[in-house]
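Q: This is the content of query39.cif (mmCIF, C-alpha atoms):
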```cif
data_model
#
loop_
_atom_site.label_atom_id
_atom_site.label_comp_id
_atom_site.auth_asym_id
_atom_site.auth_seq_id
_atom_site.Cartn_x
_atom_site.Cartn_y
_atom_site.Cartn_z
CA MET G 1 -0.90 -7.77 -19.97
CA SER G 2 0.07 -4.43 -18.45
CA LYS G 3 3.29 -3.87 -16.60
CA THR G 4 3.43 -0.98 -14.14
CA ALA G 5 6.33 1.13 -12.89
CA LEU G 6 6.46 3.67 -10.08
CA LEU G 7 8.04 6.93 -11.21
CA LEU G 8 9.29 9.13 -8.37
CA ILE G 9 10.01 12.64 -9.63
CA ASP G 10 12.40 15.08 -7.92
CA LEU G 11 11.81 14.19 -4.27
CA GLN G 12 15.09 15.86 -3.40
CA ASN G 13 16.52 17.54 -0.32
CA ASP G 14 16.15 21.14 -1.54
CA TYR G 15 12.35 20.71 -1.51
CA PHE G 16 12.29 19.72 2.17
CA GLU G 17 12.59 21.81 5.35
CA GLY G 18 16.09 23.28 5.47
CA GLY G 19 16.46 23.11 1.69
CA LYS G 20 16.84 25.97 -0.76
CA TRP G 21 13.35 25.73 -2.34
CA VAL G 22 10.96 24.37 0.30
CA LEU G 23 7.58 23.21 -0.98
CA ARG G 24 4.26 23.01 0.85
CA ASN G 25 3.69 19.72 2.74
CA THR G 26 6.69 17.98 1.20
CA ASP G 27 6.97 15.59 4.15
CA LYS G 28 3.36 14.48 3.72
CA ALA G 29 3.75 13.95 -0.03
CA ALA G 30 7.00 12.04 0.50
CA ALA G 31 5.40 9.86 3.18
CA ASN G 32 2.69 8.87 0.71
CA ALA G 33 5.28 8.28 -2.00
CA ALA G 34 7.20 6.10 0.47
CA LYS G 35 4.07 3.95 1.00
CA LEU G 36 3.82 3.32 -2.72
CA LEU G 37 7.56 2.72 -2.92
CA ALA G 38 7.34 0.09 -0.18
CA LYS G 39 4.44 -1.64 -1.96
CA PHE G 40 6.24 -1.69 -5.31
CA ARG G 41 9.36 -3.07 -3.64
CA ASP G 42 7.36 -5.73 -1.74
CA GLN G 43 5.80 -6.84 -5.02
CA ALA G 44 9.11 -6.71 -6.93
CA ARG G 45 7.67 -4.15 -9.33
CA THR G 46 9.73 -1.64 -11.28
CA VAL G 47 10.76 1.54 -9.47
CA ILE G 48 12.40 4.45 -11.28
CA HIS G 49 13.70 7.54 -9.51
CA VAL G 50 14.18 10.80 -11.39
CA ARG G 51 16.63 13.31 -9.98
CA HIS G 52 16.99 16.86 -11.28
CA GLU G 53 20.28 18.72 -11.35
CA ALA G 54 20.47 22.29 -12.56
CA ALA G 55 22.78 23.03 -15.46
CA SER G 56 24.87 25.51 -13.48
CA ALA G 57 26.20 25.86 -9.94
CA ASP G 58 24.54 29.26 -9.48
CA ALA G 59 21.03 27.79 -9.81
CA PRO G 60 18.62 28.69 -6.98
CA PHE G 61 18.25 24.98 -6.09
CA PHE G 62 19.43 21.52 -7.21
CA ALA G 63 22.94 22.82 -7.87
CA PRO G 64 25.18 20.12 -9.38
CA GLY G 65 26.86 17.98 -6.73
CA SER G 66 25.04 19.70 -3.86
CA GLU G 67 23.39 17.93 -0.93
CA GLY G 68 20.15 19.64 -1.96
CA ALA G 69 20.20 17.81 -5.30
CA HIS G 70 20.31 14.38 -3.61
CA ILE G 71 17.17 12.26 -3.38
CA HIS G 72 15.61 12.57 0.08
CA SER G 73 16.27 9.73 2.49
CA SER G 74 12.55 8.97 2.88
CA VAL G 75 12.45 7.65 -0.71
CA ALA G 76 16.13 6.92 -1.32
CA PRO G 77 16.80 4.49 -4.16
CA LEU G 78 18.16 1.04 -3.64
CA GLU G 79 21.28 0.12 -5.58
CA SER G 80 19.17 -2.10 -7.83
CA GLU G 81 16.75 0.72 -8.76
CA THR G 82 17.19 2.93 -11.78
CA VAL G 83 17.93 6.61 -11.23
CA ILE G 84 17.46 8.93 -14.19
CA LEU G 85 19.37 12.21 -14.06
CA LYS G 86 17.64 15.09 -15.81
CA ASN G 87 18.47 18.72 -16.45
CA GLN G 88 15.11 19.67 -17.94
CA ILE G 89 11.57 20.00 -16.59
CA ASN G 90 10.26 17.04 -18.61
CA SER G 91 11.82 13.78 -17.39
CA PHE G 92 11.77 12.39 -20.93
CA ARG G 93 13.66 15.30 -22.50
CA ASP G 94 17.34 14.57 -23.10
CA THR G 95 17.24 11.43 -20.90
CA ASN G 96 16.98 7.69 -21.52
CA LEU G 97 13.72 7.37 -19.55
CA ARG G 98 11.65 6.21 -22.51
CA GLN G 99 14.31 3.70 -23.52
CA VAL G 100 14.40 2.29 -19.97
CA LEU G 101 10.61 1.98 -19.84
CA ASP G 102 10.42 0.38 -23.27
CA GLU G 103 13.20 -2.11 -22.49
CA LEU G 104 11.29 -3.14 -19.37
CA GLU G 105 8.07 -3.36 -21.42
CA ILE G 106 6.34 -0.89 -19.09
CA THR G 107 2.84 0.09 -20.20
CA ASP G 108 1.51 1.83 -17.09
CA LEU G 109 3.03 4.46 -14.82
CA VAL G 110 2.23 5.59 -11.30
CA VAL G 111 3.66 9.09 -10.88
CA VAL G 112 4.50 10.87 -7.62
CA GLY G 113 6.75 13.77 -6.66
CA ALA G 114 7.35 17.43 -7.25
CA MET G 115 6.49 20.02 -8.40
CA SER G 116 2.86 19.46 -9.36
CA HIS G 117 2.69 22.41 -11.74
CA ILE G 118 6.02 21.84 -13.49
CA CYS G 119 7.77 18.47 -13.54
CA ILE G 120 4.76 16.32 -12.65
CA ASP G 121 2.62 18.08 -15.23
CA ALA G 122 5.31 17.72 -17.92
CA VAL G 123 6.09 14.04 -17.35
CA VAL G 124 2.44 13.01 -17.11
CA ARG G 125 1.45 14.78 -20.32
CA ALA G 126 4.50 13.45 -22.17
CA ALA G 127 3.94 9.90 -20.93
CA ALA G 128 0.27 9.96 -21.94
CA ASP G 129 1.18 11.36 -25.36
CA MET G 130 3.66 8.48 -25.77
CA GLY G 131 0.89 5.96 -25.07
CA TYR G 132 1.55 5.03 -21.46
CA THR G 133 -1.43 4.67 -19.14
CA VAL G 134 -0.74 7.09 -16.29
CA SER G 135 -2.00 7.30 -12.71
CA VAL G 136 -1.04 10.13 -10.38
CA ALA G 137 -1.17 9.81 -6.60
CA GLU G 138 -2.10 13.44 -6.04
CA ASP G 139 -1.50 13.28 -2.30
CA ALA G 140 2.05 12.11 -3.05
CA CYS G 141 2.73 15.24 -5.10
CA THR G 142 3.37 18.79 -3.95
CA THR G 143 4.19 22.31 -5.04
CA LEU G 144 4.51 25.83 -3.66
CA ASP G 145 2.73 29.17 -3.84
CA GLN G 146 2.88 30.92 -7.19
CA GLU G 147 2.25 34.46 -8.37
CA PHE G 148 0.57 35.52 -11.58
CA ASN G 149 -0.18 39.12 -12.63
CA GLY G 150 0.43 40.32 -9.09
CA ARG G 151 -1.96 37.74 -7.61
CA LYS G 152 -0.69 35.18 -5.13
CA VAL G 153 -1.99 31.67 -5.81
CA ALA G 154 -1.82 29.31 -2.85
CA ALA G 155 0.05 26.05 -3.35
CA GLU G 156 -3.12 24.07 -2.68
CA ASP G 157 -4.91 25.91 -5.50
CA VAL G 158 -1.97 25.52 -7.89
CA HIS G 159 -1.91 21.79 -7.10
CA ALA G 160 -5.68 21.40 -7.50
CA CYS G 161 -5.74 23.21 -10.86
CA PHE G 162 -2.98 21.08 -12.30
CA MET G 163 -4.42 17.83 -10.96
CA ALA G 164 -7.81 18.78 -12.43
CA ALA G 165 -6.22 19.44 -15.82
CA LEU G 166 -4.30 16.16 -15.77
CA GLN G 167 -7.41 14.25 -14.73
CA PHE G 168 -9.39 15.87 -17.54
CA GLY G 169 -7.32 14.38 -20.30
CA TYR G 170 -4.05 12.74 -19.32
CA ALA G 171 -4.23 10.53 -16.25
CA GLU G 172 -6.23 8.91 -13.54
CA VAL G 173 -5.66 11.23 -10.60
CA THR G 174 -6.36 9.55 -7.30
CA GLN G 175 -5.16 9.02 -3.73
CA THR G 176 -2.27 6.91 -2.50
CA ASP G 177 -4.56 4.55 -0.56
CA THR G 178 -6.68 3.91 -3.67
CA LEU G 179 -3.60 3.05 -5.69
CA LEU G 180 -2.25 0.83 -2.92
CA ALA G 181 -5.54 -1.10 -2.84
CA SER G 182 -5.49 -1.49 -6.62
CA LEU G 183 -2.05 -3.08 -6.46
CA ASP G 184 -3.29 -5.96 -4.27
#
```
Here is the file; what I need is its structure written in the form of C-alpha coordinates.
A:
Amino acid sequence: MSKTALLLIDLQNDYFEGGKWVLRNTDKAAANAAKLLAKFRDQARTVIHVRHEAASADAPFFAPGSEGAHIHSSVAPLESETVILKNQINSFRDTNLRQVLDELEITDLVVVGAMSHICIDAVVRAAADMGYTVSVAEDACTTLDQEFNGRKVAAEDVHACFMAALQFGYAEVTQTDTLLASLD
(Lines of atoms letter the chains of each structure in order from A and count residues from 1; the text may use other names and numbers.)
(Lines give C-alpha, C1' and ligand atoms only; values in the text may rest on other atoms or scores of the structure.)
Protein backbone atom coordinates (compact mmCIF):
# COMPACT_ATOMS: atom_id res chain seq x y z
CA MET A 1 0.00 0.00 0.00
CA SER A 2 1.33 3.44 -0.90
CA LYS A 3 2.03 6.11 1.66
CA THR A 4 2.06 9.71 0.48
CA ALA A 5 3.85 12.79 1.80
CA LEU A 6 3.46 16.44 0.87
CA LEU A 7 6.81 18.06 0.14
CA LEU A 8 6.77 21.87 0.30
CA ILE A 9 9.91 23.30 -1.28
CA ASP A 10 11.32 26.76 -0.49
CA LEU A 11 8.11 28.71 0.05
CA GLN A 12 10.10 31.35 1.89
CA ASN A 13 9.70 35.06 2.52
CA ASP A 14 12.32 36.26 0.01
CA TYR A 15 10.16 34.88 -2.83
CA PHE A 16 7.13 36.96 -1.81
CA GLU A 17 6.32 40.66 -2.30
CA GLY A 18 8.82 42.68 -0.28
CA GLY A 19 11.42 39.92 -0.41
CA LYS A 20 14.82 39.98 -2.07
CA TRP A 21 13.99 37.63 -4.98
CA VAL A 22 10.29 38.02 -5.78
CA LEU A 23 8.80 35.36 -8.04
CA ARG A 24 5.81 35.58 -10.37
CA ASN A 25 2.45 34.80 -8.70
CA THR A 26 4.01 33.50 -5.49
CA ASP A 27 0.86 34.30 -3.50
CA LYS A 28 -1.28 32.22 -5.86
CA ALA A 29 1.12 29.27 -5.77
CA ALA A 30 1.34 29.46 -1.97
CA ALA A 31 -2.46 29.62 -1.67
CA ASN A 32 -2.73 26.39 -3.64
CA ALA A 33 0.05 24.82 -1.58
CA ALA A 34 -1.84 25.88 1.55
CA LYS A 35 -4.95 24.02 0.31
CA LEU A 36 -2.95 20.83 -0.05
CA LEU A 37 -1.27 21.44 3.30
CA ALA A 38 -4.67 21.78 4.99
CA LYS A 39 -5.89 18.55 3.36
CA PHE A 40 -2.79 16.61 4.39
CA ARG A 41 -3.10 17.93 7.94
CA ASP A 42 -6.84 17.11 8.09
CA GLN A 43 -6.06 13.55 7.00
CA ALA A 44 -3.06 13.22 9.34
CA ARG A 45 -0.77 12.58 6.39
CA THR A 46 2.95 13.30 6.37
CA VAL A 47 4.03 16.88 5.65
CA ILE A 48 7.66 17.81 5.08
CA HIS A 49 8.85 21.38 4.62
CA VAL A 50 12.15 22.13 2.90
CA ARG A 51 13.83 25.43 3.66
CA HIS A 52 16.84 26.75 1.76
CA GLU A 53 19.57 28.81 3.36
CA ALA A 54 22.44 30.16 1.33
CA ALA A 55 25.94 29.17 2.38
CA SER A 56 27.05 32.77 2.95
CA ALA A 57 25.56 35.97 4.31
CA ASP A 58 26.30 37.89 1.11
CA ALA A 59 23.94 35.70 -0.96
CA PRO A 60 21.36 37.60 -3.03
CA PHE A 61 18.53 35.88 -1.10
CA PHE A 62 17.95 33.31 1.66
CA ALA A 63 20.86 34.66 3.69
CA PRO A 64 21.50 32.59 6.82
CA GLY A 65 19.39 33.73 9.77
CA SER A 66 17.52 36.34 7.72
CA GLU A 67 13.77 36.92 7.79
CA GLY A 68 13.77 36.23 4.05
CA ALA A 69 15.00 32.68 4.66
CA HIS A 70 12.04 31.86 6.93
CA ILE A 71 9.14 29.80 5.62
CA HIS A 72 6.23 32.06 4.65
CA SER A 73 3.38 32.30 7.14
CA SER A 74 0.84 31.00 4.60
CA VAL A 75 2.44 27.53 4.78
CA ALA A 76 4.29 27.74 8.09
CA PRO A 77 5.16 24.38 9.61
CA LEU A 78 3.58 23.07 12.75
CA GLU A 79 5.93 22.01 15.53
CA SER A 80 5.14 18.38 14.77
CA GLU A 81 6.10 18.69 11.08
CA THR A 82 9.55 17.95 9.75
CA VAL A 83 11.60 20.82 8.35
CA ILE A 84 14.62 19.92 6.23
CA LEU A 85 17.30 22.58 5.94
CA LYS A 86 19.19 22.54 2.66
CA ASN A 87 22.05 24.53 1.19
CA GLN A 88 21.89 23.00 -2.29
CA ILE A 89 19.39 23.14 -5.16
CA ASN A 90 18.44 19.46 -4.82
CA SER A 91 16.60 18.84 -1.54
CA PHE A 92 18.17 15.38 -1.29
CA ARG A 93 21.77 16.56 -1.63
CA ASP A 94 23.60 16.78 1.70
CA THR A 95 20.35 16.45 3.71
CA ASN A 96 18.56 13.64 5.53
CA LEU A 97 15.44 13.91 3.34
CA ARG A 98 15.73 10.42 1.90
CA GLN A 99 16.35 8.94 5.34
CA VAL A 100 13.25 10.72 6.72
CA LEU A 101 11.09 9.49 3.83
CA ASP A 102 12.39 5.93 4.11
CA GLU A 103 11.88 5.82 7.89
CA LEU A 104 8.28 6.91 7.35
CA GLU A 105 7.91 4.31 4.58
CA ILE A 106 6.86 7.00 2.10
CA THR A 107 6.38 5.73 -1.46
CA ASP A 108 4.61 8.69 -3.09
CA LEU A 109 5.33 12.41 -3.03
CA VAL A 110 3.21 15.44 -3.83
CA VAL A 111 5.58 18.31 -4.60
CA VAL A 112 4.83 22.04 -4.46
CA GLY A 113 6.92 25.18 -4.16
CA ALA A 114 9.65 27.16 -5.83
CA MET A 115 11.42 27.64 -8.15
CA SER A 116 9.92 25.50 -10.91
CA HIS A 117 13.05 25.51 -13.06
CA ILE A 118 15.57 24.87 -10.27
CA CYS A 119 14.62 23.31 -6.95
CA ILE A 120 11.33 21.75 -8.05
CA ASP A 121 12.94 20.28 -11.15
CA ALA A 122 15.88 18.90 -9.14
CA VAL A 123 13.85 17.31 -6.33
CA VAL A 124 11.29 15.76 -8.68
CA ARG A 125 13.91 14.19 -10.93
CA ALA A 126 15.93 12.93 -7.96
CA ALA A 127 12.86 11.51 -6.23
CA ALA A 128 11.72 9.70 -9.38
CA ASP A 129 15.23 8.32 -9.91
CA MET A 130 15.14 7.00 -6.32
CA GLY A 131 11.90 5.15 -7.04
CA TYR A 132 9.31 7.44 -5.48
CA THR A 133 6.08 8.03 -7.37
CA VAL A 134 5.87 11.80 -7.79
CA SER A 135 2.98 14.18 -8.43
CA VAL A 136 3.47 17.90 -8.93
CA ALA A 137 0.72 20.44 -8.33
CA GLU A 138 1.90 22.78 -11.06
CA ASP A 139 -0.37 25.62 -9.97
CA ALA A 140 1.26 25.42 -6.53
CA CYS A 141 4.69 26.02 -8.04
CA THR A 142 6.21 29.22 -9.36
CA THR A 143 9.30 30.81 -10.85
CA LEU A 144 10.50 34.07 -12.39
CA ASP A 145 11.57 35.44 -15.77
CA GLN A 146 14.84 34.09 -17.10
CA GLU A 147 17.27 35.19 -19.78
CA PHE A 148 19.16 32.97 -22.19
CA ASN A 149 21.46 34.17 -24.99
CA GLY A 150 20.08 37.68 -24.69
CA ARG A 151 16.48 36.48 -24.96
CA LYS A 152 14.04 37.12 -22.13
CA VAL A 153 11.90 34.10 -21.28
CA ALA A 154 8.71 34.89 -19.40
CA ALA A 155 8.17 33.09 -16.09
CA GLU A 156 5.04 31.42 -17.45
CA ASP A 157 7.03 29.94 -20.34
CA VAL A 158 9.88 28.82 -18.07
CA HIS A 159 7.32 27.15 -15.80
CA ALA A 160 5.47 25.49 -18.69
CA CYS A 161 8.68 24.11 -20.23
CA PHE A 162 9.85 22.58 -16.98
CA MET A 163 6.43 21.15 -16.12
CA ALA A 164 6.24 19.64 -19.62
CA ALA A 165 9.65 18.03 -19.17
CA LEU A 166 8.77 16.65 -15.75
CA GLN A 167 5.46 15.31 -17.05
CA PHE A 168 7.23 13.64 -19.96
CA GLY A 169 9.28 11.33 -17.82
CA TYR A 170 9.36 12.02 -14.10
CA ALA A 171 6.00 12.89 -12.57
CA GLU A 172 2.30 13.28 -12.89
CA VAL A 173 1.92 17.03 -13.34
CA THR A 174 -1.56 18.21 -12.49
CA GLN A 175 -3.63 20.87 -10.72
CA THR A 176 -4.16 21.35 -7.00
CA ASP A 177 -7.90 20.66 -7.25
CA THR A 178 -7.26 17.35 -9.05
CA LEU A 179 -4.84 16.26 -6.33
CA LEU A 180 -7.25 17.35 -3.60
CA ALA A 181 -10.01 15.25 -5.17
CA SER A 182 -7.69 12.25 -5.43
CA LEU A 183 -6.96 12.43 -1.70
CA ASP A 184 -10.63 11.91 -0.78
Q: With 12 Å as the threshold, what does the neighbourhood of (7.7, 16.9, -13.6) contain in terms of residues, counting all atoms listed in the file? Coordinates are those of the file; answer as a PyMOL selection string.
A: chain G and resi 7-11+49-52+86-93+111-127+136+141-143+162
Q: So what do you get for atom CA of Asp157 of chain G versus atom CA of Ala137 of chain G, distance-wise?
A: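 Separating atom CA of Asp157 of chain G from atom CA of Ala137 of chain G is a distance of 16.6 Å.
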Q: Residues within 9 Å of segment 17-31 of chain G, please, as a PDB file with C-alpha atoms, in the frame of the given file. Count only C-alpha atoms; anything in the same chain fewer than 2 positions from it doesn't count.
A:
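New file out.pdb:
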```pdb
ATOM      1  CA  LEU G  11      11.810  14.190  -4.270  1.00  0.00           C
ATOM      2  CA  GLN G  12      15.090  15.860  -3.400  1.00  0.00           C
ATOM      3  CA  ASN G  13      16.520  17.540  -0.320  1.00  0.00           C
ATOM      4  CA  ASP G  14      16.150  21.140  -1.540  1.00  0.00           C
ATOM      5  CA  TYR G  15      12.350  20.710  -1.510  1.00  0.00           C
ATOM      6  CA  ALA G  33       5.280   8.280  -2.000  1.00  0.00           C
ATOM      7  CA  ALA G  34       7.200   6.100   0.470  1.00  0.00           C
ATOM      8  CA  LYS G  35       4.070   3.950   1.000  1.00  0.00           C
ATOM      9  CA  LEU G  36       3.820   3.320  -2.720  1.00  0.00           C
ATOM     10  CA  PRO G  60      18.620  28.690  -6.980  1.00  0.00           C
ATOM     11  CA  PHE G  61      18.250  24.980  -6.090  1.00  0.00           C
ATOM     12  CA  PHE G  62      19.430  21.520  -7.210  1.00  0.00           C
ATOM     13  CA  GLY G  68      20.150  19.640  -1.960  1.00  0.00           C
ATOM     14  CA  HIS G  72      15.610  12.570   0.080  1.00  0.00           C
ATOM     15  CA  SER G  74      12.550   8.970   2.880  1.00  0.00           C
ATOM     16  CA  VAL G  75      12.450   7.650  -0.710  1.00  0.00           C
ATOM     17  CA  VAL G 112       4.500  10.870  -7.620  1.00  0.00           C
ATOM     18  CA  GLY G 113       6.750  13.770  -6.660  1.00  0.00           C
ATOM     19  CA  ALA G 114       7.350  17.430  -7.250  1.00  0.00           C
ATOM     20  CA  MET G 115       6.490  20.020  -8.400  1.00  0.00           C
ATOM     21  CA  GLU G 138      -2.100  13.440  -6.040  1.00  0.00           C
ATOM     22  CA  ASP G 139      -1.500  13.280  -2.300  1.00  0.00           C
ATOM     23  CA  ALA G 140       2.050  12.110  -3.050  1.00  0.00           C
ATOM     24  CA  CYS G 141       2.730  15.240  -5.100  1.00  0.00           C
ATOM     25  CA  THR G 142       3.370  18.790  -3.950  1.00  0.00           C
ATOM     26  CA  THR G 143       4.190  22.310  -5.040  1.00  0.00           C
ATOM     27  CA  LEU G 144       4.510  25.830  -3.660  1.00  0.00           C
ATOM     28  CA  ASP G 145       2.730  29.170  -3.840  1.00  0.00           C
ATOM     29  CA  ALA G 155       0.050  26.050  -3.350  1.00  0.00           C
ATOM     30  CA  GLU G 156      -3.120  24.070  -2.680  1.00  0.00           C
TER      31      GLU G 156
END
```
Q: Please return, as a list in words, all polymer residues that have at least one atom within 9 Å of the point (3.9, 2.6, -20.8); use all atoms listed in the file and the file's own coordinate frame.
A: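 Residues found, by chain and rising number: Ser2, Lys3, Thr4, Ala5, Arg98, Leu101, Asp102, Glu105, Ile106, Thr107, Asp108, Leu109, Ala127, Ala128, Met130, Gly131, Tyr132, Thr133 and Val134 of chain G.
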Q: Leaving out Glu81 of chain G and any residue of its chain fewer than 5 positions from it, which residues lie within 10 Å of it when counting only C-alpha atoms, given as a list in words?
A: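 Surrounding residues, per the criterion: Arg41, Thr46, Val47, Ile48, His49 and Ala76 of chain G.
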Q: What gap, in Å, lies between atom CA of Gln43 of chain G and atom CA of Ser182 of chain G?
A: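 Computed distance, atom CA of Gln43 of chain G to atom CA of Ser182 of chain G, equals 12.6 Å.
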Q: Which centre and edge lengths in Å to one decimal define the box along x, y and z that fits every listed atom of segment 166-177 of chain G plus 4 Å per side, as lines of an AutoDock Vina configuration file?
A:
```
center_x = -5.8
center_y = 10.4
center_z = -10.4
size_x = 15.1
size_y = 19.6
size_z = 27.7
```
Q: Out of G:Leu6, G:Ala164, G:Leu104, G:Ala63, which residue has the shortest atom-to-atom distance to Pro77 of chain G when counting all atoms listed in the file?
A: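 For Pro77 of chain G, the nearest of the given residues is G:Leu6.
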